[in-house]
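> Sharing run18.csv (CSV, N, CA, C and O atoms) below.
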```csv
chain,number,residue,atom,x,y,z
A,209,MET,N,5.2,7.1,34.3
A,209,MET,CA,4.2,6.7,33.3
A,209,MET,C,4.7,5.6,32.4
A,209,MET,O,5.8,5.6,32.0
A,210,SER,N,3.8,4.6,32.3
A,210,SER,CA,4.2,3.5,31.4
A,210,SER,C,3.3,3.5,30.2
A,210,SER,O,2.2,3.9,30.2
A,211,ASP,N,3.9,3.1,29.1
A,211,ASP,CA,3.1,3.0,27.8
A,211,ASP,C,2.3,1.7,27.9
A,211,ASP,O,2.7,0.7,28.3
A,212,THR,N,1.0,1.8,27.4
A,212,THR,CA,0.2,0.7,27.3
A,212,THR,C,0.7,-0.1,26.0
A,212,THR,O,1.4,0.5,25.2
A,213,GLU,N,0.2,-1.3,25.9
A,213,GLU,CA,0.6,-2.1,24.7
A,213,GLU,C,0.1,-1.4,23.4
A,213,GLU,O,0.7,-1.5,22.4
A,214,GLU,N,-1.1,-0.8,23.6
A,214,GLU,CA,-1.7,-0.1,22.4
A,214,GLU,C,-0.8,1.0,22.0
A,214,GLU,O,-0.6,1.2,20.8
A,215,ASP,N,-0.3,1.8,22.9
A,215,ASP,CA,0.5,3.0,22.6
A,215,ASP,C,1.8,2.5,22.0
A,215,ASP,O,2.3,3.1,21.0
A,216,VAL,N,2.4,1.4,22.5
A,216,VAL,CA,3.7,0.9,21.9
A,216,VAL,C,3.4,0.4,20.5
A,216,VAL,O,4.2,0.7,19.6
A,217,GLY,N,2.3,-0.3,20.3
A,217,GLY,CA,2.0,-0.8,18.9
A,217,GLY,C,1.8,0.4,18.0
A,217,GLY,O,2.3,0.3,16.8
A,218,LYS,N,1.2,1.4,18.4
A,218,LYS,CA,0.9,2.6,17.6
A,218,LYS,C,2.2,3.3,17.2
A,218,LYS,O,2.5,3.7,16.1
A,219,LYS,N,3.2,3.4,18.2
A,219,LYS,CA,4.5,4.0,17.9
A,219,LYS,C,5.2,3.2,16.9
A,219,LYS,O,5.9,3.8,16.0
A,220,GLY,N,5.2,1.9,17.0
A,220,GLY,CA,5.8,1.0,16.0
A,220,GLY,C,5.3,1.2,14.6
A,220,GLY,O,6.0,1.2,13.6
A,221,GLU,N,3.9,1.3,14.5
A,221,GLU,CA,3.3,1.5,13.2
A,221,GLU,C,3.7,2.8,12.7
A,221,GLU,O,3.9,3.0,11.5
A,222,ASP,N,3.7,3.9,13.5
A,222,ASP,CA,4.1,5.2,13.1
A,222,ASP,C,5.5,5.2,12.5
A,222,ASP,O,5.8,5.8,11.5
A,223,LEU,N,6.4,4.5,13.2
A,223,LEU,CA,7.8,4.5,12.8
A,223,LEU,C,7.9,3.7,11.4
A,223,LEU,O,8.6,4.2,10.5
A,224,SER,N,7.2,2.6,11.3
A,224,SER,CA,7.2,1.9,10.1
A,224,SER,C,6.6,2.7,8.9
A,224,SER,O,7.2,2.7,7.8
A,225,LEU,N,5.6,3.5,9.2
A,225,LEU,CA,5.0,4.3,8.1
A,225,LEU,C,6.0,5.4,7.7
A,225,LEU,O,6.2,5.7,6.5
A,226,PHE,N,6.6,6.0,8.7
A,226,PHE,CA,7.6,7.1,8.4
A,226,PHE,C,8.8,6.5,7.6
A,226,PHE,O,9.3,7.1,6.7
A,227,MET,N,9.3,5.3,8.0
A,227,MET,CA,10.4,4.7,7.3
A,227,MET,C,10.0,4.3,5.9
A,227,MET,O,10.8,4.5,5.0
A,228,ASP,N,8.8,3.9,5.7
A,228,ASP,CA,8.3,3.6,4.3
A,228,ASP,C,8.3,4.9,3.5
A,228,ASP,O,8.7,4.8,2.3
A,229,ILE,N,8.0,6.0,4.1
A,229,ILE,CA,8.0,7.3,3.3
A,229,ILE,C,9.4,7.6,3.0
A,229,ILE,O,9.7,8.0,1.8
A,230,ILE,N,10.3,7.6,3.9
A,230,ILE,CA,11.7,8.1,3.6
A,230,ILE,C,12.5,7.1,2.8
A,230,ILE,O,13.5,7.6,2.2
A,231,LYS,N,12.1,5.9,2.8
A,231,LYS,CA,12.9,4.9,1.9
A,231,LYS,C,12.8,5.3,0.5
A,231,LYS,O,13.6,4.9,-0.3
A,232,LYS,N,11.7,6.0,0.1
A,232,LYS,CA,11.5,6.3,-1.3
A,232,LYS,C,12.4,7.5,-1.8
A,232,LYS,O,12.4,7.8,-2.9
A,233,PHE,N,13.1,8.1,-0.8
A,233,PHE,CA,13.9,9.2,-1.1
A,233,PHE,C,15.3,9.0,-0.6
A,233,PHE,O,15.8,9.7,0.4
A,234,PRO,N,16.1,8.2,-1.2
A,234,PRO,CA,17.5,7.9,-0.7
A,234,PRO,C,18.4,9.1,-0.8
A,234,PRO,O,19.5,9.1,-0.1
A,235,VAL,N,18.1,10.1,-1.6
A,235,VAL,CA,18.9,11.3,-1.7
A,235,VAL,C,19.1,12.0,-0.4
A,235,VAL,O,20.2,12.6,-0.2
A,236,ILE,N,18.2,11.9,0.5
A,236,ILE,CA,18.3,12.6,1.8
A,236,ILE,C,19.5,12.0,2.7
A,236,ILE,O,19.9,12.7,3.6
A,237,PHE,N,20.0,10.8,2.3
A,237,PHE,CA,21.0,10.2,3.1
A,237,PHE,C,22.4,10.5,2.5
A,237,PHE,O,23.4,10.1,3.1
A,238,LYS,N,22.5,11.2,1.4
A,238,LYS,CA,23.7,11.5,0.8
A,238,LYS,C,24.4,12.7,1.6
A,238,LYS,O,23.7,13.6,2.0
A,239,LYS,N,25.7,12.6,1.7
A,239,LYS,CA,26.4,13.6,2.4
A,239,LYS,C,26.9,14.8,1.6
A,239,LYS,O,27.3,15.8,2.1
A,240,SER,N,26.7,14.7,0.3
A,240,SER,CA,27.2,15.8,-0.6
A,240,SER,C,26.4,17.1,-0.3
A,240,SER,O,25.2,17.1,-0.1
A,241,MET,N,27.2,18.2,-0.4
A,241,MET,CA,26.6,19.5,-0.1
A,241,MET,C,26.7,20.4,-1.4
A,241,MET,O,26.6,21.6,-1.3
A,242,LEU,N,26.9,19.8,-2.5
A,242,LEU,CA,26.9,20.5,-3.8
A,242,LEU,C,25.5,21.1,-4.0
A,242,LEU,O,24.5,20.6,-3.6
A,243,PRO,N,25.5,22.3,-4.7
A,243,PRO,CA,24.2,22.9,-4.9
A,243,PRO,C,23.1,22.0,-5.6
A,243,PRO,O,22.0,22.0,-5.1
A,244,GLU,N,23.5,21.2,-6.5
A,244,GLU,CA,22.6,20.3,-7.1
A,244,GLU,C,22.0,19.3,-6.1
A,244,GLU,O,20.8,19.0,-6.1
A,245,SER,N,22.9,18.7,-5.2
A,245,SER,CA,22.5,17.8,-4.2
A,245,SER,C,21.5,18.5,-3.2
A,245,SER,O,20.5,17.9,-2.8
A,246,ARG,N,21.8,19.7,-2.8
A,246,ARG,CA,21.0,20.4,-1.9
A,246,ARG,C,19.6,20.7,-2.5
A,246,ARG,O,18.6,20.6,-1.7
A,247,GLN,N,19.5,21.0,-3.8
A,247,GLN,CA,18.2,21.2,-4.4
A,247,GLN,C,17.4,19.9,-4.4
A,247,GLN,O,16.2,19.9,-4.1
A,248,LYS,N,18.1,18.8,-4.7
A,248,LYS,CA,17.4,17.5,-4.7
A,248,LYS,C,16.9,17.1,-3.3
A,248,LYS,O,15.8,16.6,-3.1
A,249,LYS,N,17.8,17.4,-2.3
A,249,LYS,CA,17.4,17.1,-0.9
A,249,LYS,C,16.2,17.9,-0.5
A,249,LYS,O,15.2,17.5,0.1
A,250,SER,N,16.2,19.2,-0.9
A,250,SER,CA,15.1,20.1,-0.5
A,250,SER,C,13.8,19.7,-1.2
A,250,SER,O,12.8,19.6,-0.5
A,251,ALA,N,13.9,19.2,-2.4
A,251,ALA,CA,12.7,18.7,-3.1
A,251,ALA,C,12.2,17.4,-2.5
A,251,ALA,O,11.0,17.2,-2.3
A,252,ALA,N,13.1,16.6,-2.1
A,252,ALA,CA,12.8,15.3,-1.4
A,252,ALA,C,12.1,15.6,-0.1
A,252,ALA,O,11.1,15.0,0.3
A,253,PHE,N,12.7,16.5,0.7
A,253,PHE,CA,12.1,16.8,2.0
A,253,PHE,C,10.7,17.5,1.8
A,253,PHE,O,9.8,17.2,2.7
A,254,ALA,N,10.5,18.2,0.8
A,254,ALA,CA,9.2,18.8,0.5
A,254,ALA,C,8.2,17.7,0.2
A,254,ALA,O,7.0,17.7,0.7
A,255,ASN,N,8.6,16.7,-0.6
A,255,ASN,CA,7.7,15.5,-0.8
A,255,ASN,C,7.4,14.7,0.4
A,255,ASN,O,6.3,14.3,0.7
A,256,ILE,N,8.5,14.5,1.2
A,256,ILE,CA,8.3,13.7,2.5
A,256,ILE,C,7.4,14.5,3.4
A,256,ILE,O,6.5,13.9,4.0
A,257,ARG,N,7.6,15.8,3.5
A,257,ARG,CA,6.7,16.6,4.3
A,257,ARG,C,5.2,16.5,3.9
A,257,ARG,O,4.4,16.3,4.8
A,258,GLU,N,5.0,16.5,2.7
A,258,GLU,CA,3.6,16.4,2.2
A,258,GLU,C,3.0,15.0,2.5
A,258,GLU,O,1.9,14.9,3.0
A,259,LYS,N,3.8,14.0,2.3
A,259,LYS,CA,3.3,12.6,2.6
A,259,LYS,C,3.2,12.4,4.1
A,259,LYS,O,2.2,11.7,4.5
A,260,TYR,N,4.1,13.0,4.9
A,260,TYR,CA,4.0,12.9,6.3
A,260,TYR,C,2.7,13.5,6.8
A,260,TYR,O,2.0,13.0,7.7
A,261,GLU,N,2.4,14.7,6.3
A,261,GLU,CA,1.2,15.4,6.8
A,261,GLU,C,0.0,14.7,6.4
A,261,GLU,O,-1.0,14.7,7.1
A,262,LYS,N,0.0,14.1,5.2
A,262,LYS,CA,-1.2,13.3,4.8
A,262,LYS,C,-1.3,12.0,5.6
A,262,LYS,O,-2.4,11.7,6.1
A,263,GLY,N,-0.2,11.3,5.9
A,263,GLY,CA,-0.2,10.1,6.6
A,263,GLY,C,-0.5,10.2,8.1
A,263,GLY,O,-1.2,9.4,8.7
A,264,PHE,N,0.0,11.3,8.7
A,264,PHE,CA,-0.1,11.4,10.1
A,264,PHE,C,-1.1,12.5,10.5
A,264,PHE,O,-1.6,12.5,11.7
A,265,GLY,N,-1.5,13.4,9.6
A,265,GLY,CA,-2.4,14.4,9.9
A,265,GLY,C,-1.9,15.5,10.8
A,265,GLY,O,-2.6,16.2,11.5
A,266,VAL,N,-0.5,15.6,10.9
A,266,VAL,CA,0.1,16.5,11.8
A,266,VAL,C,1.1,17.4,10.9
A,266,VAL,O,1.9,16.9,10.1
A,267,PRO,N,1.0,18.7,11.0
A,267,PRO,CA,1.9,19.6,10.3
A,267,PRO,C,3.3,19.5,10.8
A,267,PRO,O,3.5,19.3,12.0
A,268,ILE,N,4.3,19.5,9.9
A,268,ILE,CA,5.7,19.4,10.3
A,268,ILE,C,6.5,20.3,9.4
A,268,ILE,O,6.2,20.4,8.2
A,269,THR,N,7.6,20.9,9.9
A,269,THR,CA,8.5,21.7,9.1
A,269,THR,C,9.6,20.9,8.5
A,269,THR,O,9.9,19.8,9.0
A,270,GLU,N,10.3,21.4,7.6
A,270,GLU,CA,11.5,20.7,7.0
A,270,GLU,C,12.5,20.5,8.0
A,270,GLU,O,13.2,19.5,8.1
A,271,ALA,N,12.7,21.5,8.9
A,271,ALA,CA,13.8,21.4,9.9
A,271,ALA,C,13.4,20.3,10.9
A,271,ALA,O,14.3,19.6,11.3
A,272,GLN,N,12.1,20.1,11.2
A,272,GLN,CA,11.7,19.0,12.1
A,272,GLN,C,12.0,17.7,11.4
A,272,GLN,O,12.4,16.7,12.1
A,273,LEU,N,11.7,17.6,10.1
A,273,LEU,CA,12.0,16.3,9.4
A,273,LEU,C,13.5,16.0,9.4
A,273,LEU,O,13.8,14.9,9.6
A,274,ILE,N,14.3,17.0,9.1
A,274,ILE,CA,15.7,16.8,9.1
A,274,ILE,C,16.2,16.3,10.5
A,274,ILE,O,17.0,15.4,10.5
A,275,LYS,N,15.7,16.9,11.5
A,275,LYS,CA,16.0,16.5,12.9
A,275,LYS,C,15.6,15.0,13.1
A,275,LYS,O,16.3,14.2,13.7
A,276,LYS,N,14.4,14.7,12.7
A,276,LYS,CA,13.9,13.4,12.9
A,276,LYS,C,14.7,12.3,12.2
A,276,LYS,O,15.1,11.3,12.8
A,277,VAL,N,15.1,12.6,10.9
A,277,VAL,CA,15.9,11.7,10.2
A,277,VAL,C,17.3,11.6,10.8
A,277,VAL,O,17.9,10.5,10.9
A,278,SER,N,17.9,12.7,11.2
A,278,SER,CA,19.2,12.7,11.9
A,278,SER,C,19.2,11.9,13.2
A,278,SER,O,20.1,11.1,13.4
A,279,ASN,N,18.1,12.0,14.0
A,279,ASN,CA,18.0,11.2,15.2
A,279,ASN,C,17.9,9.7,14.9
A,279,ASN,O,18.5,8.9,15.6
A,280,MET,N,17.2,9.4,13.8
A,280,MET,CA,17.1,8.0,13.4
A,280,MET,C,18.4,7.4,13.0
A,280,MET,O,18.8,6.3,13.4
A,281,LYS,N,19.2,8.2,12.3
A,281,LYS,CA,20.6,7.8,11.9
A,281,LYS,C,21.4,7.6,13.1
A,281,LYS,O,22.2,6.6,13.2
A,282,THR,N,21.3,8.5,14.1
A,282,THR,CA,22.1,8.4,15.3
A,282,THR,C,21.8,7.1,16.1
A,282,THR,O,22.6,6.4,16.6
A,283,ARG,N,20.4,6.9,16.2
A,283,ARG,CA,20.0,5.7,17.0
A,283,ARG,C,20.5,4.4,16.3
A,283,ARG,O,20.9,3.5,16.9
A,284,PHE,N,20.5,4.5,14.9
A,284,PHE,CA,20.9,3.3,14.1
A,284,PHE,C,22.4,3.1,14.4
A,284,PHE,O,22.8,1.9,14.6
A,285,LYS,N,23.2,4.1,14.4
A,285,LYS,CA,24.6,4.0,14.6
A,285,LYS,C,24.9,3.5,16.0
A,285,LYS,O,25.8,2.6,16.2
A,286,LYS,N,24.2,4.0,17.0
A,286,LYS,CA,24.4,3.6,18.4
A,286,LYS,C,24.0,2.2,18.7
A,286,LYS,O,24.7,1.5,19.4
A,287,ASP,N,22.8,1.8,18.2
A,287,ASP,CA,22.3,0.5,18.4
A,287,ASP,C,23.2,-0.6,17.7
A,287,ASP,O,23.2,-1.7,18.1
A,288,GLY,N,23.7,-0.2,16.6
A,288,GLY,CA,24.6,-1.1,15.8
A,288,GLY,C,24.0,-2.4,15.5
A,288,GLY,O,23.1,-2.5,14.7
A,289,LYS,N,24.4,-3.5,16.2
A,289,LYS,CA,24.0,-4.8,15.9
A,289,LYS,C,22.5,-5.0,16.2
A,289,LYS,O,21.8,-5.7,15.5
A,290,GLN,N,22.0,-4.4,17.2
A,290,GLN,CA,20.6,-4.6,17.6
A,290,GLN,C,19.7,-4.0,16.5
A,290,GLN,O,18.7,-4.5,16.2
A,291,ALA,N,20.1,-2.9,16.0
A,291,ALA,CA,19.3,-2.2,14.9
A,291,ALA,C,19.2,-3.1,13.7
A,291,ALA,O,18.2,-3.1,13.0
A,292,HIS,N,20.2,-3.8,13.4
A,292,HIS,CA,20.2,-4.7,12.2
A,292,HIS,C,19.2,-5.9,12.5
A,292,HIS,O,18.7,-6.4,11.5
A,293,LYS,N,19.0,-6.2,13.7
A,293,LYS,CA,18.0,-7.3,14.0
A,293,LYS,C,16.6,-6.8,13.9
A,293,LYS,O,15.7,-7.6,13.8
A,294,ASP,N,16.4,-5.5,14.1
A,294,ASP,CA,15.0,-4.9,14.0
A,294,ASP,C,14.4,-5.1,12.6
A,294,ASP,O,15.0,-4.7,11.6
A,295,GLU,N,13.3,-5.8,12.6
A,295,GLU,CA,12.7,-6.1,11.3
A,295,GLU,C,12.3,-4.9,10.5
A,295,GLU,O,12.3,-4.9,9.2
A,296,ARG,N,12.0,-3.8,11.1
A,296,ARG,CA,11.6,-2.6,10.4
A,296,ARG,C,12.9,-2.0,9.7
A,296,ARG,O,12.7,-1.3,8.7
A,297,LEU,N,14.0,-2.2,10.2
A,297,LEU,CA,15.3,-1.6,9.7
A,297,LEU,C,16.0,-2.6,8.7
A,297,LEU,O,16.9,-2.2,8.1
A,298,SER,N,15.6,-3.8,8.7
A,298,SER,CA,16.2,-4.8,7.8
A,298,SER,C,16.1,-4.3,6.4
A,298,SER,O,15.0,-4.0,5.9
A,299,GLY,N,17.2,-4.3,5.7
A,299,GLY,CA,17.2,-3.9,4.3
A,299,GLY,C,17.2,-2.4,4.1
A,299,GLY,O,17.2,-1.9,3.0
A,300,PHE,N,17.2,-1.6,5.2
A,300,PHE,CA,17.2,-0.2,5.1
A,300,PHE,C,18.6,0.3,4.9
A,300,PHE,O,19.5,0.0,5.7
A,301,VAL,N,18.9,1.1,3.9
A,301,VAL,CA,20.2,1.5,3.5
A,301,VAL,C,20.5,2.9,4.1
A,301,VAL,O,19.9,3.8,3.7
A,302,TRP,N,21.4,3.0,5.0
A,302,TRP,CA,21.8,4.3,5.5
A,302,TRP,C,23.2,4.6,4.9
A,302,TRP,O,24.1,3.8,4.8
A,303,ASP,N,23.3,5.8,4.3
A,303,ASP,CA,24.6,6.2,3.8
A,303,ASP,C,25.4,6.8,4.9
A,303,ASP,O,25.3,8.0,5.2
A,304,LEU,N,26.2,6.0,5.6
A,304,LEU,CA,26.9,6.4,6.7
A,304,LEU,C,28.3,6.7,6.4
A,304,LEU,O,29.0,6.1,5.8
```
Could you quickly redo this structure as structure tokens?

Amino acid sequence: MSDTEEDVGKKGEDLSLFMDIIKKFPVIFKKSMLPESRQKKSAAFANIREKYEKGFGVPITEAQLIKKVSNMKTRFKKDGKQAHKDERLSGFVWDL
């Protein structure tokens, strides 16, 4: 199965929308596991979840969001130089 140009464009728009949402919550990229940090992360993921459901119209759990962000970080690390060239990722700060 191949993706049509319309499907590929929609996926890019979806990724951009999701990235715009998570950029507003840099606390989710912190590695600290102190109770205060975990509370902030939990609150941030609750806000992201709400915005995600409004923006995409699809219900999502906090665990799914964490997995989605984790996968994005992994892809970013693997792609390395190529990811820096991606205009959607330019200026995006990952706490690696």
> Restricting the calculation to only C-alpha atoms: of A:Pro243, A:Glu221, A:Lys275, A:Phe233, which residue gets closest to Ile256 of chain A?
A:Phe233
> Just the residues within 6 Å of segment 249-254 of chain A, please, counting only N, CA, C and O atoms, with nothing from its chain fewer than 6 positions along; format it as a VMD selection string.
chain A and resid 235 to 236 270
> Go ahead and compute the interatomic distance for atom CA of Lys285 of chain A and atom CA of Asp228 of chain A, in Å to one decimal.
19.3 Å
> Between atom N of Ser240 of chain A and atom O of Thr269 of chain A, measure the distance and give it in Å to one decimal.
19.6 Å
> Would you work out the distance separating atom CA of Pro267 of chain A from atom N of Ile230 of chain A, expressed in Å to one decimal?
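Taking atom CA of Pro267 of chain A as the start and atom N of Ile230 of chain A as the end point, the length is 16.0 Å.
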> List the neighbours of Tyr260 of chain A out to 9 Å using only C-alpha atoms; skip same-chain residues closer than 5 positions along the sequence, and give me the result as a PyMOL selection string.
chain A and resi 225-226+229+255+265-268
